[in-house]
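What follows is my_file_6.txt (compact mmCIF, C-alpha atoms).
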# COMPACT_ATOMS: atom_id res chain seq x y z
CA MET A 20 -14.47 4.04 16.23
CA PHE A 21 -16.88 1.24 15.43
CA PHE A 22 -17.74 -2.30 16.38
CA PHE A 23 -17.63 -5.57 14.43
CA ARG A 24 -19.95 -8.41 15.33
CA LEU A 25 -18.11 -11.72 15.11
CA PRO A 26 -19.33 -15.29 15.68
CA CYS A 27 -17.69 -17.27 18.45
CA SER A 28 -17.25 -21.02 18.64
CA GLN A 29 -20.50 -21.45 20.59
CA GLY A 30 -22.50 -19.88 17.76
CA SER A 31 -23.31 -16.62 19.55
CA LEU A 32 -21.95 -13.18 18.63
CA PHE A 33 -19.36 -11.04 20.34
CA PHE A 34 -18.32 -7.46 19.60
CA VAL A 35 -14.83 -6.25 18.72
CA MET A 36 -14.02 -2.54 18.73
CA PHE A 37 -11.93 -1.04 15.93
CA THR A 38 -10.75 2.47 15.19
CA PHE A 39 -9.95 4.20 11.90
CA HIS A 40 -6.85 6.37 12.31
CA ARG A 41 -5.43 8.58 9.58
CA ILE A 42 -1.62 8.56 9.53
CA ILE A 43 -0.20 11.94 8.48
CA ASP A 44 3.43 11.43 9.51
CA SER A 45 5.79 8.46 9.42
CA SER A 46 6.68 9.06 13.08
CA ASN A 47 3.21 7.80 14.02
CA PRO A 48 3.66 4.62 16.11
CA LEU A 49 1.14 2.79 13.90
CA PHE A 50 3.11 3.47 10.72
CA VAL A 51 5.55 0.56 10.95
CA SER A 52 2.82 -2.05 11.46
CA ALA A 53 0.68 -0.48 8.73
CA MET A 54 3.57 -0.52 6.26
CA ASP A 55 4.28 -4.14 7.09
CA ILE A 56 0.76 -5.02 5.93
CA TYR A 57 1.21 -2.80 2.87
CA ILE A 58 4.53 -4.30 1.76
CA ASN A 59 3.43 -7.89 2.28
CA SER A 60 0.05 -7.48 0.55
CA PHE A 61 1.05 -6.08 -2.84
CA PRO A 62 3.69 -6.92 -5.47
CA ASP A 63 6.44 -4.40 -6.23
CA ASP A 64 4.84 -3.21 -9.48
CA GLU A 65 1.57 -2.42 -7.69
CA ARG A 66 2.80 -0.34 -4.77
CA ARG A 67 4.80 2.77 -4.03
CA ARG A 68 8.22 2.98 -2.52
CA ILE A 69 8.10 3.63 1.22
CA GLU A 70 9.77 7.03 0.84
CA ASP A 71 7.07 8.06 -1.66
CA VAL A 72 4.31 7.02 0.74
CA GLU A 73 5.97 9.13 3.43
CA LYS A 74 5.93 12.18 1.13
CA LEU A 75 2.19 11.76 0.53
CA LEU A 76 1.04 11.31 4.11
CA SER A 77 0.52 15.00 4.86
CA LYS A 78 -1.27 15.81 1.59
CA ASP A 79 -4.92 16.82 2.04
CA PHE A 80 -6.13 14.56 -0.76
CA TYR A 81 -4.26 11.46 0.43
CA HIS A 82 -5.67 9.32 3.25
CA PHE A 83 -3.59 6.50 4.70
CA ILE A 84 -5.84 4.83 7.26
CA ALA A 85 -4.66 2.32 9.83
CA VAL A 86 -7.44 0.23 11.34
CA TYR A 87 -6.52 -0.95 14.83
CA ASP A 88 -8.20 -2.92 17.59
CA GLU A 89 -8.72 -2.16 21.27
CA ARG A 90 -5.17 -3.40 22.04
CA GLY A 91 -3.60 -1.05 19.51
CA ARG A 92 -2.84 -3.80 16.98
CA VAL A 93 -3.09 -2.72 13.34
CA ILE A 94 -5.32 -5.24 11.61
CA ALA A 95 -5.82 -3.54 8.23
CA ILE A 96 -5.03 -0.55 6.05
CA LEU A 97 -7.26 1.52 3.77
CA VAL A 98 -5.61 4.01 1.43
CA TYR A 99 -7.72 6.38 -0.66
CA TRP A 100 -7.51 9.65 -2.61
CA GLN A 101 -10.24 12.27 -2.47
CA PHE A 102 -10.79 14.17 -5.71
CA THR A 103 -13.45 16.72 -6.60
CA SER A 104 -15.83 14.30 -8.30
CA PHE A 105 -14.84 10.86 -6.97
CA TYR A 106 -12.83 8.83 -4.49
CA TYR A 107 -10.09 6.47 -5.59
CA VAL A 108 -9.40 3.54 -3.26
CA GLU A 109 -5.79 2.65 -3.88
CA TYR A 110 -5.40 -0.12 -1.31
CA LEU A 111 -7.42 -2.23 1.07
CA ALA A 112 -5.49 -4.95 2.89
CA VAL A 113 -6.08 -7.01 6.02
CA SER A 114 -3.28 -8.57 8.03
CA PRO A 115 -3.03 -12.34 7.38
CA LYS A 116 -3.64 -12.92 11.10
CA TYR A 117 -7.12 -11.41 10.81
CA LYS A 118 -8.35 -12.65 7.46
CA ALA A 119 -11.47 -14.80 6.99
CA HIS A 120 -13.44 -12.84 9.61
CA GLY A 121 -15.14 -10.39 7.24
CA PHE A 122 -13.03 -7.42 8.37
CA GLY A 123 -12.26 -6.27 4.83
CA SER A 124 -15.90 -6.04 3.76
CA GLN A 125 -16.92 -4.30 6.98
CA ILE A 126 -14.11 -1.76 6.64
CA MET A 127 -15.16 -0.99 3.08
CA LYS A 128 -18.83 -0.76 4.08
CA LYS A 129 -17.92 1.74 6.79
CA PHE A 130 -15.91 3.80 4.29
CA LEU A 131 -18.77 3.79 1.76
CA GLU A 132 -21.23 4.77 4.47
CA LYS A 133 -19.15 7.71 5.73
CA ARG A 134 -17.73 9.09 2.45
CA HIS A 135 -18.28 12.78 1.81
CA LEU A 136 -21.24 13.81 -0.39
CA ASN A 137 -21.76 10.19 -1.45
CA LEU A 138 -19.26 10.69 -4.26
CA PRO A 139 -18.64 7.74 -6.60
CA VAL A 140 -15.74 5.43 -5.72
CA ILE A 141 -13.22 4.00 -8.18
CA LEU A 142 -10.72 1.21 -7.64
CA GLU A 143 -8.45 -1.03 -9.70
CA VAL A 144 -8.47 -4.84 -9.83
CA GLU A 145 -6.43 -7.35 -11.75
CA LYS A 146 -8.09 -8.51 -14.94
CA ILE A 147 -9.71 -11.92 -14.79
CA ASP A 148 -9.30 -12.76 -18.47
CA GLU A 149 -5.51 -12.89 -18.41
CA ASP A 150 -3.54 -16.02 -19.23
CA VAL A 151 -2.42 -16.75 -15.68
CA PRO A 152 -2.11 -19.93 -13.59
CA GLU A 153 -5.39 -21.35 -12.35
CA TYR A 154 -4.72 -20.53 -8.70
CA GLU A 155 -3.93 -16.90 -9.61
CA LEU A 156 -7.07 -16.64 -11.70
CA ALA A 157 -9.11 -17.95 -8.77
CA ILE A 158 -7.65 -15.23 -6.53
CA ARG A 159 -8.51 -12.55 -9.07
CA LYS A 160 -12.07 -13.80 -9.45
CA ARG A 161 -12.49 -13.90 -5.69
CA ARG A 162 -11.27 -10.31 -5.40
CA VAL A 163 -13.70 -9.08 -8.05
CA LYS A 164 -16.54 -10.97 -6.40
CA PHE A 165 -15.63 -9.37 -3.07
CA TYR A 166 -16.28 -5.91 -4.50
CA LEU A 167 -19.32 -6.99 -6.51
CA ASN A 168 -20.87 -8.17 -3.26
CA LEU A 169 -20.31 -4.68 -1.83
CA GLY A 170 -22.24 -3.06 -4.68
CA PHE A 171 -19.40 -2.21 -7.07
CA THR A 172 -19.71 -2.88 -10.79
CA LEU A 173 -16.94 -4.04 -13.11
CA SER A 174 -16.20 -1.72 -16.02
CA ASP A 175 -15.09 -2.84 -19.47
CA VAL A 176 -13.30 0.47 -20.13
CA PRO A 177 -9.71 -0.35 -21.24
CA TYR A 178 -7.24 0.62 -18.53
CA ILE A 179 -3.49 0.45 -17.91
CA GLN A 180 -1.88 1.31 -14.59
CA PRO A 181 1.23 3.42 -15.27
CA PRO A 182 4.47 2.48 -13.47
CA TYR A 183 4.70 3.66 -9.87
CA ALA A 184 8.36 4.55 -10.34
CA PRO A 185 11.11 4.36 -12.98
CA GLY A 186 12.14 0.78 -13.58
CA LEU A 187 8.77 -0.67 -12.63
CA LYS A 188 6.28 -2.04 -15.15
CA GLU A 189 2.92 -0.76 -16.27
CA VAL A 190 0.13 -3.17 -15.35
CA PRO A 191 -3.04 -3.98 -17.33
CA LEU A 192 -5.90 -3.73 -14.86
CA ALA A 193 -9.66 -3.26 -14.79
CA LEU A 194 -11.67 -0.53 -13.09
CA MET A 195 -14.57 -1.04 -10.72
CA GLN A 196 -16.96 1.66 -9.58
CA PHE A 197 -19.45 2.30 -6.79
CA GLY A 198 -21.89 4.77 -8.28
CA ASP A 199 -21.83 5.31 -12.01
CA ILE A 200 -19.17 7.80 -13.08
CA LEU A 201 -17.43 5.91 -15.88
CA THR A 202 -20.33 5.83 -18.34
CA ASN A 203 -20.04 9.54 -19.11
CA ASN A 204 -16.70 10.47 -17.54
CA ALA A 205 -14.31 7.57 -18.17
CA LEU A 206 -11.67 9.70 -19.89
CA GLU A 207 -11.73 12.30 -17.12
CA VAL A 208 -11.41 9.63 -14.43
CA ILE A 209 -8.54 7.84 -16.18
CA ASN A 210 -6.69 11.10 -16.84
CA THR A 211 -7.07 12.05 -13.17
CA LEU A 212 -5.73 8.69 -12.03
CA HIS A 213 -2.80 8.76 -14.44
CA ASN A 214 -1.82 12.37 -13.81
CA ARG A 215 -2.56 12.75 -10.10
CA VAL A 216 -1.90 9.28 -8.70
CA TYR A 217 0.94 8.05 -10.89
CA LEU A 218 2.68 10.79 -12.88
CA ASN A 219 2.47 13.76 -10.49
CA PRO A 220 1.40 12.36 -7.11
CA PHE A 221 3.03 15.07 -4.98
CA GLU A 222 1.37 18.03 -6.70
CA LYS A 223 -1.93 19.51 -5.54
Turn this file's structure into structure tokens for me.
Amino acid sequence: MFFFRLPCSQGSLFFVMFTFHRIIDSSNPLFVSAMDIYINSFPDDERRRIEDVEKLLSKDFYHFIAVYDERGRVIAILVYWQFTSFYYVEYLAVSPKYKAHGFGSQIMKKFLEKRHLNLPVILEVEKIDEDVPEYELAIRKRRVKFYLNLGFTLSDVPYIQPPYAPGLKEVPLALMQFGDILTNNALEVINTLHNRVYLNPFEK
């Protein structure tokens, strides 16, 4: 449980209470709202099938976090994997109703502050040098800037996201890191992501 300080229309600050809750079973009453944010935040090629998410929920290394307010409304999700030498943040998404209030950055700051043993953190972002429409490029740049402002650095290590499931496409992405692990361990990190997250996600 933690508090966000938000500005009100009069210029002063008010406090909103939020709670991080790990979902370990799809019968959890927060699951439906959390999955609604998940499905509507990411394209098909960049997310798992719902049934695959359900299989992962009880795994020790997989953390599906619903962030909810004092009224029980899910306002964001944070999904991460905990490995021996690093964390991998698979998803961070805020409900459209609650965007533009700084929730995403405060959620990530809280995660970085509380992570075990201060292990490095890895995440994937869409490449900003792709030949995409201008509005899409602007979104990608904004996303990278969001993480840069949190202290992440953008790696130039070549990286391809394998397909999440048969019939889906692989996706050229870029890696970002909080704490330097890629300089000396890029191959190990990429192999872990490919083998544990994409190719064999249900194995220990």
What are the closest atom pairs, with distances in Å to one decimal, for each residue of range 94-196 of chain A lying within 8 Å of range 49-65 of chain A, using all atoms listed in the file, rows by chain and rising residue number, as a Markdown table?
| residue | atom | partner | partner_atom | distance |
| --- | --- | --- | --- | --- |
| A:Ala95 | CA | A:Ile56 | CA | 7.1 |
| A:Ile96 | CA | A:Ala53 | CA | 6.3 |
| A:Ala112 | CA | A:Ser60 | CA | 6.5 |
| A:Val113 | CA | A:Ile56 | CA | 7.1 |
| A:Ser114 | CA | A:Ile56 | CA | 5.8 |
| A:Pro182 | CA | A:Asp64 | CA | 7.0 |
| A:Tyr183 | CA | A:Asp64 | CA | 6.9 |
| A:Leu187 | CA | A:Asp64 | CA | 5.6 |
| A:Lys188 | CA | A:Asp64 | CA | 6.0 |
| A:Glu189 | CA | A:Asp64 | CA | 7.5 |
| A:Val190 | CA | A:Asp64 | CA | 7.5 |
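Of note, CA of Asp148 in chain A and CA of Thr172 in chain A are spaced 16.3 Å apart.
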Could you check the closest approach to Val140 in chain A for each of A:Ala119, A:Val208, A:Val176, A:Ile84 and tell me which residue wins, using only C-alpha atoms?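 Checking each of A:Ala119, A:Val208, A:Val176, A:Ile84 against Val140 in chain A, counting only C-alpha atoms, the winner is A:Val208.
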Measuring between only C-alpha atoms, which one of A:Arg66, A:Pro185, A:Glu207, A:Val35 shows the shortest distance to His120 in chain A?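 Closest residue, counting only C-alpha atoms: A:Val35.
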So, with all atoms listed in the file as the atoms that count, which of A:His40, A:Tyr117, A:Tyr166, A:Pro48 lies closest to Ala85 in chain A?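 Checking each of A:His40, A:Tyr117, A:Tyr166, A:Pro48 against Ala85 in chain A, counting all atoms listed in the file, the winner is A:His40.
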Using all atoms listed in the file, which protein or nucleic acid residues come within 8 Å of range 72-81 of chain A? Drop anything in the same chain fewer than 4 positions from it, and give the result as a PyMOL selection string. chain A and resi 42-45+67-68+98-102+220-221
Which is closest to Ile200 in chain A among A:Ile179, A:Ala184, A:Ile141, A:Ile147, if we use only C-alpha atoms?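 Looking at the shortest contact to Ile200 in chain A, the residue is A:Ile141.
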In Å to one decimal, how far is CA of Asp175 in chain A from CA of Glu155 in chain A?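 Between these atoms lies a distance of 20.5 Å.
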Counting only C-alpha atoms, which residue out of A:Phe171, A:Arg215, A:Tyr178, A:Ala205 sits closest to Lys128 in chain A? A:Phe171
Kindly indicate which residue among A:Leu206, A:Arg162, A:Ile94, A:His213 lies nearest to Pro115 in chain A, using only C-alpha atoms for the distances.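 With only C-alpha atoms as the atom set, the closest residue is A:Ile94.
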Point-to-point distance in Å for CA of Ala193 in chain A and CA of Leu173 in chain A: 7.5 Å
Quick one: residues within 9 Å of Ser124 in chain A, all atoms listed in the file counted, chain neighbours fewer than 6 positions away excluded, as a list in words?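 The residues that qualify are Phe165, Tyr166, Asn168 and Leu169 of chain A.
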